[in-house]
>>> print(open('entry_6.txt').read())   # compact mmCIF, C-alpha atoms and all ligand atoms
# COMPACT_ATOMS: atom_id res chain seq x y z
CA MET R 1 19.65 17.14 9.37
CA SER R 2 16.64 15.81 7.50
CA VAL R 3 15.17 12.41 8.27
CA TYR R 4 12.46 10.90 6.11
CA LEU R 5 10.15 8.57 8.00
CA ASP R 6 7.16 8.69 5.65
CA SER R 7 7.94 5.98 3.12
CA ASN R 8 4.34 4.73 3.15
CA ALA R 9 3.32 8.12 1.70
CA THR R 10 5.91 7.82 -1.03
CA SER R 11 9.44 6.51 -1.25
CA GLN R 12 12.71 7.84 -2.57
CA VAL R 13 13.26 6.83 -6.19
CA HIS R 14 16.12 4.33 -6.25
CA PRO R 15 19.20 5.67 -8.10
CA GLU R 16 19.33 2.45 -10.16
CA VAL R 17 15.70 3.02 -11.15
CA VAL R 18 16.60 6.53 -12.33
CA GLU R 19 19.43 5.02 -14.38
CA ALA R 20 17.07 2.47 -15.91
CA VAL R 21 14.46 5.13 -16.76
CA LEU R 22 16.67 7.83 -18.30
CA PRO R 23 17.57 6.19 -21.65
CA PHE R 24 13.85 5.85 -22.35
CA LEU R 25 13.47 9.62 -22.03
CA THR R 26 16.58 10.49 -24.01
CA SER R 27 17.58 8.02 -26.74
CA HIS R 28 14.89 5.30 -26.68
CA TRP R 29 11.82 7.50 -26.87
CA HIS R 30 10.11 5.68 -29.73
CA ASN R 31 6.57 4.35 -29.70
CA PRO R 32 6.53 0.67 -28.74
CA SER R 33 3.69 0.10 -31.21
CA SER R 34 5.86 1.25 -34.14
CA GLY R 35 6.99 -1.50 -36.49
CA TYR R 36 10.56 -0.30 -37.13
CA ARG R 37 13.45 -1.57 -35.05
CA ALA R 38 13.71 1.40 -32.68
CA GLY R 39 10.04 0.97 -31.72
CA GLN R 40 10.38 -2.78 -31.36
CA GLU R 41 13.42 -2.37 -29.10
CA VAL R 42 11.33 -0.16 -26.82
CA LYS R 43 8.55 -2.74 -26.90
CA SER R 44 11.01 -5.47 -25.87
CA ALA R 45 12.19 -3.33 -22.96
CA VAL R 46 8.58 -2.87 -21.78
CA GLU R 47 8.10 -6.62 -21.95
CA VAL R 48 11.24 -7.20 -19.86
CA ALA R 49 9.78 -4.80 -17.28
CA ARG R 50 6.47 -6.66 -17.35
CA GLY R 51 8.37 -9.86 -16.60
CA GLN R 52 10.16 -8.18 -13.67
CA VAL R 53 6.83 -7.07 -12.18
CA ALA R 54 5.40 -10.56 -12.67
CA ASP R 55 8.44 -12.19 -11.06
CA MET R 56 8.09 -10.12 -7.88
CA ILE R 57 4.62 -11.58 -7.22
CA GLY R 58 4.91 -15.04 -8.78
CA ALA R 59 2.68 -14.15 -11.76
CA SER R 60 3.07 -14.71 -15.51
CA PRO R 61 3.97 -11.62 -17.58
CA GLY R 62 0.66 -11.86 -19.46
CA GLU R 63 -1.19 -11.37 -16.17
CA ILE R 64 0.35 -7.91 -15.61
CA VAL R 65 -1.21 -4.69 -16.92
CA PHE R 66 0.70 -1.44 -16.42
CA THR R 67 -1.46 1.38 -15.06
CA GLY R 68 -1.09 5.03 -14.14
CA CYS R 69 -1.16 4.49 -10.35
CA GLY R 70 -2.46 2.25 -7.61
CA THR R 71 -5.76 4.13 -7.50
CA GLU R 72 -6.35 3.33 -11.15
CA SER R 73 -5.50 -0.34 -10.57
CA ASN R 74 -8.05 -0.56 -7.75
CA ASN R 75 -10.77 1.18 -9.78
CA MET R 76 -10.12 -1.04 -12.81
CA ALA R 77 -10.35 -4.21 -10.71
CA LEU R 78 -13.50 -3.26 -8.82
CA GLU R 79 -15.36 -2.08 -11.91
CA ALA R 80 -14.39 -5.16 -13.92
CA ALA R 81 -15.23 -7.57 -11.13
CA ALA R 82 -18.58 -5.90 -10.40
CA LYS R 83 -19.49 -5.97 -14.08
CA ALA R 84 -18.65 -9.67 -14.30
CA ALA R 85 -20.44 -10.55 -11.05
CA GLY R 86 -23.67 -8.94 -12.23
CA SER R 87 -25.44 -5.64 -11.73
CA THR R 88 -26.96 -6.61 -8.37
CA ALA R 89 -24.05 -8.68 -7.02
CA PRO R 90 -22.96 -7.80 -3.48
CA VAL R 91 -19.68 -6.01 -2.89
CA ALA R 92 -17.71 -6.41 0.34
CA ILE R 93 -14.67 -4.51 1.58
CA SER R 94 -12.93 -4.13 4.92
CA ALA R 95 -13.51 -1.09 7.15
CA ILE R 96 -9.86 -0.07 6.84
CA GLU R 97 -9.55 0.14 3.07
CA HIS R 98 -7.75 3.07 1.49
CA SER R 99 -10.04 5.63 -0.14
CA ALA R 100 -8.87 4.21 -3.49
CA VAL R 101 -11.03 1.15 -2.70
CA TYR R 102 -13.62 2.76 -0.41
CA ARG R 103 -14.75 5.40 -2.93
CA PRO R 104 -15.12 3.06 -5.93
CA ALA R 105 -16.96 0.56 -3.68
CA GLU R 106 -19.30 3.34 -2.55
CA ALA R 107 -19.84 4.30 -6.19
CA LEU R 108 -20.90 0.69 -6.88
CA ALA R 109 -23.30 0.91 -3.92
CA GLU R 110 -24.87 3.99 -5.51
CA ARG R 111 -25.75 1.69 -8.39
CA ASP R 112 -27.50 -1.57 -7.46
CA HIS R 113 -24.76 -3.33 -5.52
CA LEU R 114 -25.28 -3.99 -1.83
CA LEU R 115 -22.09 -2.92 0.01
CA THR R 116 -20.97 -4.76 3.14
CA VAL R 117 -18.14 -3.31 5.22
CA ILE R 118 -16.38 -5.94 7.32
CA GLY R 119 -15.00 -4.75 10.64
CA VAL R 120 -11.57 -5.24 12.18
CA ASP R 121 -10.57 -5.94 15.78
CA GLU R 122 -8.56 -3.59 18.00
CA LYS R 123 -5.36 -4.92 16.43
CA GLY R 124 -6.53 -4.11 12.93
CA LEU R 125 -7.16 -7.70 11.80
CA ILE R 126 -10.34 -8.61 9.90
CA ARG R 127 -13.05 -9.97 12.20
CA ARG R 128 -13.23 -13.57 11.02
CA ASP R 129 -16.69 -14.11 12.51
CA GLU R 130 -18.13 -11.22 10.43
CA PHE R 131 -16.22 -12.35 7.36
CA ASP R 132 -17.42 -15.96 7.65
CA ARG R 133 -21.00 -14.91 8.42
CA MET R 134 -21.09 -12.73 5.33
CA LEU R 135 -19.81 -15.52 3.09
CA ASP R 136 -22.27 -17.98 4.62
CA HIS R 137 -25.32 -15.74 4.19
CA SER R 138 -24.71 -13.76 1.03
CA PRO R 139 -24.81 -14.78 -2.62
CA PRO R 140 -21.34 -14.52 -4.18
CA GLY R 141 -20.11 -11.13 -5.33
CA VAL R 142 -16.96 -9.06 -5.25
CA LEU R 143 -14.59 -8.96 -2.28
CA SER R 144 -11.78 -6.44 -1.89
CA ILE R 145 -9.51 -6.70 1.14
CA MET R 146 -6.25 -4.81 1.48
CA TRP R 147 -3.23 -7.02 2.05
CA ALA R 148 -1.43 -4.52 4.31
CA ASN R 149 -2.80 -1.35 5.81
CA ASN R 150 -1.18 1.93 4.82
CA GLU R 151 -1.44 3.48 8.31
CA THR R 152 -0.67 0.65 10.72
CA GLY R 153 1.11 -1.78 8.40
CA VAL R 154 -1.16 -4.59 9.67
CA VAL R 155 -1.00 -7.57 7.28
CA GLN R 156 -4.16 -9.62 6.74
CA PRO R 157 -4.02 -13.42 6.32
CA MET R 158 -4.70 -13.01 2.60
CA ALA R 159 -4.15 -16.64 1.63
CA GLU R 160 -6.78 -17.81 4.12
CA LEU R 161 -9.28 -15.04 3.32
CA ALA R 162 -8.94 -15.41 -0.44
CA THR R 163 -9.16 -19.22 -0.31
CA ARG R 164 -12.32 -19.03 1.80
CA ALA R 165 -13.95 -16.42 -0.47
CA LYS R 166 -13.01 -18.23 -3.68
CA ALA R 167 -14.54 -21.44 -2.30
CA ALA R 168 -17.77 -19.48 -1.79
CA GLY R 169 -17.67 -18.32 -5.41
CA TRP R 170 -16.57 -14.70 -4.94
CA LEU R 171 -14.31 -12.65 -7.21
CA VAL R 172 -11.46 -11.46 -5.03
CA HIS R 173 -9.33 -8.33 -5.33
CA THR R 174 -6.57 -7.24 -3.00
CA ASP R 175 -5.01 -3.81 -2.71
CA ALA R 176 -1.43 -4.98 -2.14
CA ILE R 177 -0.01 -1.49 -2.58
CA GLN R 178 1.51 -1.37 0.91
CA ALA R 179 2.40 -5.06 1.03
CA ALA R 180 4.29 -5.44 -2.23
CA ALA R 181 8.08 -5.32 -1.95
CA LYS R 182 7.80 -5.27 1.85
CA ILE R 183 6.67 -8.85 2.39
CA PRO R 184 6.90 -11.77 -0.04
CA ILE R 185 3.89 -12.10 -2.33
CA ASP R 186 3.19 -15.17 -4.41
CA VAL R 187 -0.08 -15.22 -6.31
CA LYS R 188 0.37 -18.95 -6.90
CA GLU R 189 -0.29 -19.43 -3.18
CA VAL R 190 -2.90 -16.73 -2.66
CA PRO R 191 -5.86 -17.27 -4.98
CA VAL R 192 -6.86 -13.65 -5.62
CA ASP R 193 -8.24 -12.77 -9.04
CA TYR R 194 -6.89 -9.20 -9.07
CA LEU R 195 -4.04 -7.52 -7.19
CA SER R 196 -3.04 -3.86 -7.27
CA LEU R 197 0.49 -2.43 -7.09
CA SER R 198 1.83 1.12 -7.01
CA GLY R 199 5.43 1.90 -7.94
CA HIS R 200 6.03 4.93 -5.76
CA LYS R 201 5.60 2.91 -2.57
CA PHE R 202 8.75 0.94 -3.36
CA HIS R 203 11.29 3.22 -5.04
CA ALA R 204 9.82 3.60 -8.55
CA PRO R 205 8.53 7.03 -9.65
CA LYS R 206 5.06 8.31 -8.78
CA GLY R 207 2.44 7.83 -11.50
CA VAL R 208 2.96 4.21 -12.43
CA GLY R 209 1.30 1.08 -11.11
CA ALA R 210 0.20 -2.35 -12.21
CA LEU R 211 -2.80 -4.61 -11.96
CA PHE R 212 -2.40 -8.37 -11.80
CA ILE R 213 -5.35 -10.06 -13.52
CA ARG R 214 -5.23 -13.80 -13.06
CA GLU R 215 -5.43 -15.72 -16.33
CA GLY R 216 -9.08 -16.59 -16.88
CA ALA R 217 -10.42 -13.97 -14.44
CA PRO R 218 -13.13 -11.84 -16.05
CA PHE R 219 -12.03 -8.40 -17.12
CA SER R 220 -13.43 -5.52 -19.12
CA PRO R 221 -11.36 -2.39 -19.68
CA LEU R 222 -12.11 1.15 -18.48
CA ALA R 223 -9.88 2.72 -21.15
CA ARG R 224 -10.70 1.53 -24.66
CA GLY R 225 -8.79 2.63 -27.71
CA GLY R 226 -5.70 1.37 -29.49
CA GLY R 227 -5.63 -1.97 -27.68
CA GLN R 228 -2.34 -1.60 -25.80
CA GLU R 229 -1.72 -3.84 -22.77
CA GLY R 230 -3.54 -6.66 -24.52
CA GLY R 231 -6.63 -4.46 -24.88
CA ARG R 232 -6.93 -4.17 -21.10
CA ARG R 233 -5.72 -0.55 -20.87
CA SER R 234 -5.49 1.34 -24.10
CA GLY R 235 -3.25 4.36 -24.46
CA THR R 236 0.36 4.71 -25.51
CA GLU R 237 2.49 3.21 -22.78
CA ASN R 238 4.34 5.30 -20.20
CA VAL R 239 7.43 3.49 -21.37
CA ALA R 240 10.03 5.09 -19.10
CA TYR R 241 8.00 4.63 -15.94
CA ASP R 242 6.91 1.11 -16.84
CA ILE R 243 10.60 0.33 -17.09
CA GLY R 244 11.19 2.12 -13.78
CA LEU R 245 8.53 -0.05 -12.16
CA GLY R 246 10.13 -3.19 -13.55
CA SER R 247 13.53 -2.10 -12.30
CA ALA R 248 12.16 -1.34 -8.81
CA CYS R 249 10.49 -4.77 -8.69
CA GLU R 250 13.76 -6.44 -9.63
CA ILE R 251 15.67 -4.48 -6.97
CA MET R 252 13.11 -5.16 -4.26
CA ARG R 253 12.87 -8.85 -5.12
CA GLY R 254 16.61 -8.92 -4.45
CA GLU R 255 16.18 -6.99 -1.20
CA LEU R 256 13.49 -9.40 0.02
CA ALA R 257 15.56 -12.45 -0.88
CA GLY R 258 18.82 -10.99 0.40
CA GLY R 259 17.61 -9.85 3.83
CA GLY R 260 17.21 -6.14 3.02
CA MET R 261 13.73 -6.02 4.51
CA ASP R 262 14.91 -7.97 7.57
CA ARG R 263 17.38 -5.14 8.16
CA VAL R 264 14.50 -2.64 7.84
CA GLU R 265 12.52 -4.69 10.38
CA ARG R 266 15.41 -4.66 12.85
CA LEU R 267 15.63 -0.90 12.41
CA ARG R 268 11.88 -0.52 12.99
CA ASN R 269 12.17 -2.66 16.13
CA HIS R 270 15.09 -0.53 17.30
CA LEU R 271 12.95 2.56 16.69
CA GLU R 272 10.11 1.14 18.80
CA GLU R 273 12.43 0.02 21.60
CA SER R 274 14.16 3.42 21.69
CA LEU R 275 10.82 5.25 21.76
CA SER R 276 9.67 3.05 24.66
CA GLU R 277 12.87 3.77 26.58
CA ARG R 278 12.77 7.53 26.03
CA ILE R 279 9.06 8.40 26.08
CA PRO R 280 6.49 7.40 28.73
CA ASP R 281 2.79 6.85 28.05
CA LEU R 282 2.85 5.69 24.49
CA HIS R 283 1.02 2.87 22.71
CA PHE R 284 2.11 0.88 19.68
CA ASN R 285 -0.84 0.12 17.45
CA GLY R 286 -1.52 -2.85 15.21
CA ALA R 287 -1.10 -6.61 15.56
CA ARG R 288 2.49 -7.34 16.52
CA GLY R 289 3.91 -10.09 14.37
CA HIS R 290 1.39 -9.26 11.61
CA ARG R 291 2.82 -6.00 10.33
CA THR R 292 4.91 -4.93 7.37
CA PRO R 293 8.51 -4.63 8.52
CA ASN R 294 8.83 -0.91 7.92
CA VAL R 295 6.01 0.71 9.93
CA ALA R 296 5.64 1.87 13.52
CA HIS R 297 2.28 3.37 14.42
CA VAL R 298 2.33 5.06 17.81
CA SER R 299 -0.09 7.05 19.96
CA PHE R 300 1.39 9.50 22.48
CA ASP R 301 -0.95 10.24 25.40
CA GLY R 302 -1.67 13.93 25.94
CA CYS R 303 -0.39 15.01 22.50
CA SER R 304 -2.09 15.87 19.27
CA ALA R 305 -0.41 14.81 16.04
CA ALA R 306 -1.46 18.16 14.56
CA ASP R 307 0.74 19.90 17.19
CA LEU R 308 3.60 17.45 16.85
CA LEU R 309 3.99 17.36 13.08
CA PRO R 310 5.10 21.00 12.48
CA LEU R 311 7.48 20.84 15.46
CA LEU R 312 9.00 17.63 14.12
CA ASP R 313 9.22 19.11 10.64
CA ALA R 314 11.03 22.17 12.02
CA GLU R 315 13.64 19.78 13.46
CA GLY R 316 13.95 17.94 10.14
CA VAL R 317 11.81 14.87 10.92
CA GLN R 318 9.23 14.10 8.25
CA CYS R 319 6.44 11.71 9.18
CA SER R 320 2.66 11.73 9.16
CA ALA R 321 -0.46 11.37 11.24
CA GLY R 322 -2.10 8.83 8.96
CA SER R 323 -2.20 8.53 5.21
CA ALA R 324 -0.88 11.37 3.06
CA CYS R 325 -4.38 11.75 1.57
CA MET R 326 -5.73 12.61 5.07
CA THR R 327 -3.33 15.57 5.52
CA GLY R 328 -5.30 18.72 6.21
CA LYS R 329 -8.54 16.79 6.87
CA ASN R 330 -9.51 17.42 10.45
CA ARG R 331 -11.10 13.99 10.97
CA PRO R 332 -9.85 11.05 12.99
CA SER R 333 -8.55 8.28 10.76
CA HIS R 334 -11.25 5.79 9.76
CA VAL R 335 -8.66 3.04 10.25
CA GLN R 336 -8.14 3.88 13.91
CA LYS R 337 -11.86 4.42 14.45
CA ALA R 338 -12.49 0.96 12.96
CA MET R 339 -9.97 -0.41 15.47
CA GLY R 340 -12.12 1.08 18.21
CA PHE R 341 -9.85 3.97 19.22
CA ASP R 342 -11.53 7.03 20.69
CA ASP R 343 -10.90 10.38 19.00
CA ARG R 344 -8.32 11.42 21.56
CA ARG R 345 -6.15 8.39 20.83
CA ALA R 346 -6.73 8.58 17.09
CA PHE R 347 -5.66 12.25 17.02
CA SER R 348 -2.51 11.45 19.06
CA SER R 349 -1.06 8.91 16.61
CA LEU R 350 1.93 9.15 14.32
CA ARG R 351 2.91 6.83 11.50
CA LEU R 352 6.68 6.39 11.17
CA SER R 353 7.50 4.46 8.01
CA LEU R 354 10.99 3.39 6.98
CA SER R 355 12.54 2.08 3.77
CA ILE R 356 15.73 0.40 2.61
CA PHE R 357 17.32 3.86 2.62
CA SER R 358 16.66 4.45 6.34
CA THR R 359 19.69 4.29 8.63
CA ARG R 360 20.29 3.78 12.33
CA SER R 361 21.49 7.36 12.68
CA ASP R 362 18.21 8.57 11.07
CA VAL R 363 16.26 6.58 13.63
CA ASP R 364 18.38 7.70 16.59
CA TYR R 365 18.11 11.34 15.53
CA ALA R 366 14.31 11.06 15.08
CA VAL R 367 13.88 9.42 18.50
CA GLY R 368 15.83 12.26 20.17
CA VAL R 369 13.70 14.88 18.41
CA LEU R 370 10.47 13.04 19.22
CA ALA R 371 11.40 12.76 22.91
CA ASN R 372 12.10 16.52 23.13
CA VAL R 373 9.08 17.62 21.15
CA ILE R 374 6.68 15.35 23.03
CA ALA R 375 8.03 16.50 26.42
CA LYS R 376 7.55 20.11 25.26
CA VAL R 377 3.98 19.55 24.03
CA ARG R 378 3.02 17.64 27.17
CA SER R 379 4.37 20.33 29.50
CA ALA R 380 2.57 23.05 27.48
CA VAL R 381 -0.67 21.06 27.78
CA ALA R 382 -0.11 20.57 31.52
CA VAL R 383 0.37 24.35 32.06
CA SER R 384 -2.63 25.43 29.99
N1 LIG R 401 -3.98 1.95 -1.67
C1 LIG R 401 -3.15 2.07 -0.63
C2 LIG R 401 -3.18 1.06 0.48
C3 LIG R 401 -2.26 3.15 -0.56
O1 LIG R 401 -1.47 3.29 0.50
C4 LIG R 401 -2.26 4.09 -1.62
C5 LIG R 401 -1.39 5.28 -1.56
O2 LIG R 401 -1.29 5.92 -0.53
C6 LIG R 401 -3.12 3.89 -2.69
C7 LIG R 401 -3.96 2.82 -2.68
C8 LIG R 401 -3.13 4.83 -3.85
O3 LIG R 401 -2.01 4.59 -4.68
P1 LIG R 401 -1.54 5.70 -5.73
O4 LIG R 401 -0.98 6.82 -4.94
O5 LIG R 401 -0.52 5.02 -6.58
O6 LIG R 401 -2.74 6.07 -6.51
>>> encode(input="entry_6.txt", output="structure tokens", more="lines below")
Ligand code: PLP
Amino acid sequence: MSVYLDSNATSQVHPEVVEAVLPFLTSHWHNPSSGYRAGQEVKSAVEVARGQVADMIGASPGEIVFTGCGTESNNMALEAAAKAAGSTAPVAISAIEHSAVYRPAEALAERDHLLTVIGVDEKGLIRRDEFDRMLDHSPPGVLSIMWANNETGVVQPMAELATRAKAAGWLVHTDAIQAAAKIPIDVKEVPVDYLSLSGHKFHAPKGVGALFIREGAPFSPLARGGGQEGGRRSGTENVAYDIGLGSACEIMRGELAGGGMDRVERLRNHLEESLSERIPDLHFNGARGHRTPNVAHVSFDGCSAADLLPLLDAEGVQCSAGSACMTGKNRPSHVQKAMGFDDRRAFSSLRLSLSIFSTRSDVDYAVGVLANVIAKVRSAVAVS
């Protein structure tokens, strides 16, 4: 048996997405910039996909730029916002950002931008006192706060944070890569200027993303050339995957509206209840009631995730210790350190992340394996 509980690392491509993509690799392979009918049909299909992406987040199609991945979306947004804010404008991020925001923000700090890193509390929520103090005492600049954390699933009050920062004159970006398609997003209610998406986190293929750029928000492109994507990202479109992203957005909009993610949440809650019943001395991390519905983040006293993961894998349970990008890096997660966990707790944590394809039998099997493996590791530690 093989059970996949790592959907925050990447998710299974939806069979309907595969069906939507294939014709654009086989029969409709023409260049959407070509003037003849076959090219124009491809162009129309890309525009339908753009509309599907826009619809999932309450945007207009013209506010959506297809990109090569979430990392690219984040880099595009931060560079453009910093350029518009001015060469010495401050940049602020949260302490739990993904490296795809942290590294570009650090690169801006190596130029003339002053970087402020805003802390989180032990539940992973932004410290409002630090946030407010920064806005009160700093000239306006560029703010980037992730909507939902990739490790803990903790969801920030984006509407409140963005409204407050906009009122203080800041340009606001959010990395919504782990929030999109898991919780409802409506950019009409959350006044961010830029919002990043990544297809492979919600059943589109890897290697396609999107950046929402609010109409009127300043933007200058990183990739200049033939003027595709309204001049905001030149380069011949990745037609098939753009269409895959559109299809995944359409599917997930239906799942959100039709209760699909509520089912995932019930399954996640069942997972947490079963773990509590079967395994002593564990801790669930992250603000309860402020998490994406698909993530359980758990620390198991007396265990190291590095010991657990290969044993779980051998029994067919795939999950992770933090983000996929941290695999093989022998450092405690910066997210858990920012939440104030000591190294021992940070090294004992697992992220179990579900998707619409997860089933109750997957969860029950994984809980049984976890209970056995953890008992084994704890008794080995006790003997040694
Ligand atoms: N931001 C967050 C919160 C993520 O979880 C990820 C992927 O793990 C990324 C950015 C990077 O996205 P991509 O893999 O599409 O570059």
>>> closest_residue(input="entry_6.txt", among="R:Asp364, R:Asp281, R:Glu151, R:Glu250", to="ligand LIG 401 (chain R)", atoms="all atoms listed in the file")
R:Glu151
>>> closest_atom_pairs(input="entry_6.txt", of="chain R", to="ligand LIG 401 (chain R)", cutoff="6 Å", atoms="only C-alpha atoms and all ligand atoms", output="CSV")
residue,atom,partner,partner_atom,distance
R:Ala9,CA,R:LIG401,O2,5.6
R:Cys69,CA,R:LIG401,O5,3.9
R:Gly70,CA,R:LIG401,O5,3.5
R:Thr71,CA,R:LIG401,O6,3.7
R:His98,CA,R:LIG401,N1,5.0
R:Ala100,CA,R:LIG401,C7,5.2
R:Asn149,CA,R:LIG401,C2,5.9
R:Asn150,CA,R:LIG401,O1,4.5
R:Asp175,CA,R:LIG401,N1,5.9
R:Ile177,CA,R:LIG401,C2,5.1
R:Gln178,CA,R:LIG401,C2,5.3
R:Ser198,CA,R:LIG401,O5,4.6
>>> residues_around(input="entry_6.txt", residues="segment 287-295 of chain R", least_positions_apart="4", cutoff="10 Å", atoms="all atoms listed in the file", output="PDB file with C-alpha atoms, in the coordinates of the input")
ATOM      1  CA  LEU R   5      10.150   8.570   8.000  1.00  0.00           C
ATOM      2  CA  ASP R   6       7.160   8.690   5.650  1.00  0.00           C
ATOM      3  CA  SER R   7       7.940   5.980   3.120  1.00  0.00           C
ATOM      4  CA  ASN R   8       4.340   4.730   3.150  1.00  0.00           C
ATOM      5  CA  ASP R 121     -10.570  -5.940  15.780  1.00  0.00           C
ATOM      6  CA  GLU R 122      -8.560  -3.590  18.000  1.00  0.00           C
ATOM      7  CA  LYS R 123      -5.360  -4.920  16.430  1.00  0.00           C
ATOM      8  CA  GLY R 124      -6.530  -4.110  12.930  1.00  0.00           C
ATOM      9  CA  LEU R 125      -7.160  -7.700  11.800  1.00  0.00           C
ATOM     10  CA  TRP R 147      -3.230  -7.020   2.050  1.00  0.00           C
ATOM     11  CA  ALA R 148      -1.430  -4.520   4.310  1.00  0.00           C
ATOM     12  CA  ASN R 149      -2.800  -1.350   5.810  1.00  0.00           C
ATOM     13  CA  ASN R 150      -1.180   1.930   4.820  1.00  0.00           C
ATOM     14  CA  GLU R 151      -1.440   3.480   8.310  1.00  0.00           C
ATOM     15  CA  THR R 152      -0.670   0.650  10.720  1.00  0.00           C
ATOM     16  CA  GLY R 153       1.110  -1.780   8.400  1.00  0.00           C
ATOM     17  CA  VAL R 154      -1.160  -4.590   9.670  1.00  0.00           C
ATOM     18  CA  VAL R 155      -1.000  -7.570   7.280  1.00  0.00           C
ATOM     19  CA  GLN R 156      -4.160  -9.620   6.740  1.00  0.00           C
ATOM     20  CA  PRO R 157      -4.020 -13.420   6.320  1.00  0.00           C
ATOM     21  CA  GLN R 178       1.510  -1.370   0.910  1.00  0.00           C
ATOM     22  CA  ALA R 179       2.400  -5.060   1.030  1.00  0.00           C
ATOM     23  CA  ALA R 180       4.290  -5.440  -2.230  1.00  0.00           C
ATOM     24  CA  ALA R 181       8.080  -5.320  -1.950  1.00  0.00           C
ATOM     25  CA  LYS R 182       7.800  -5.270   1.850  1.00  0.00           C
ATOM     26  CA  ILE R 183       6.670  -8.850   2.390  1.00  0.00           C
ATOM     27  CA  MET R 261      13.730  -6.020   4.510  1.00  0.00           C
ATOM     28  CA  ASP R 262      14.910  -7.970   7.570  1.00  0.00           C
ATOM     29  CA  ARG R 263      17.380  -5.140   8.160  1.00  0.00           C
ATOM     30  CA  VAL R 264      14.500  -2.640   7.840  1.00  0.00           C
ATOM     31  CA  GLU R 265      12.520  -4.690  10.380  1.00  0.00           C
ATOM     32  CA  ARG R 266      15.410  -4.660  12.850  1.00  0.00           C
ATOM     33  CA  LEU R 267      15.630  -0.900  12.410  1.00  0.00           C
ATOM     34  CA  ARG R 268      11.880  -0.520  12.990  1.00  0.00           C
ATOM     35  CA  ASN R 269      12.170  -2.660  16.130  1.00  0.00           C
ATOM     36  CA  LEU R 271      12.950   2.560  16.690  1.00  0.00           C
ATOM     37  CA  GLU R 272      10.110   1.140  18.800  1.00  0.00           C
ATOM     38  CA  ARG R 351       2.910   6.830  11.500  1.00  0.00           C
ATOM     39  CA  LEU R 352       6.680   6.390  11.170  1.00  0.00           C
ATOM     40  CA  SER R 353       7.500   4.460   8.010  1.00  0.00           C
ATOM     41  CA  LEU R 354      10.990   3.390   6.980  1.00  0.00           C
ATOM     42  CA  SER R 355      12.540   2.080   3.770  1.00  0.00           C
ATOM     43  CA  ILE R 356      15.730   0.400   2.610  1.00  0.00           C
ATOM     44  CA  SER R 358      16.660   4.450   6.340  1.00  0.00           C
TER      45      SER R 358
END
>>> residues_around(input="entry_6.txt", residues="Ser99 of chain R", least_positions_apart="5", cutoff="12 Å", atoms="only C-alpha atoms", output="NGL selection string")
:R and (70-72 or 74-75 or 93-94 or 104-107 or 146 or 149-150 or 175 or 323-326 or 333-335)
>>> closest_atom_pairs(input="entry_6.txt", of="segment 189-274 of chain R", to="segment 161-167 of chain R", cutoff="12 Å", atoms="all atoms listed in the file", output="Markdown table")
| residue | atom | partner | partner_atom | distance |
| --- | --- | --- | --- | --- |
| R:Glu189 | CA | R:Thr163 | CA | 9.3 |
| R:Val190 | CA | R:Ala162 | CA | 6.6 |
| R:Pro191 | CA | R:Ala162 | CA | 5.8 |
| R:Val192 | CA | R:Ala162 | CA | 5.9 |
| R:Asp193 | CA | R:Lys166 | CA | 9.0 |
| R:Tyr194 | CA | R:Ala162 | CA | 10.8 |
| R:Leu195 | CA | R:Ala162 | CA | 11.5 |
| R:Ala217 | CA | R:Lys166 | CA | 11.9 |
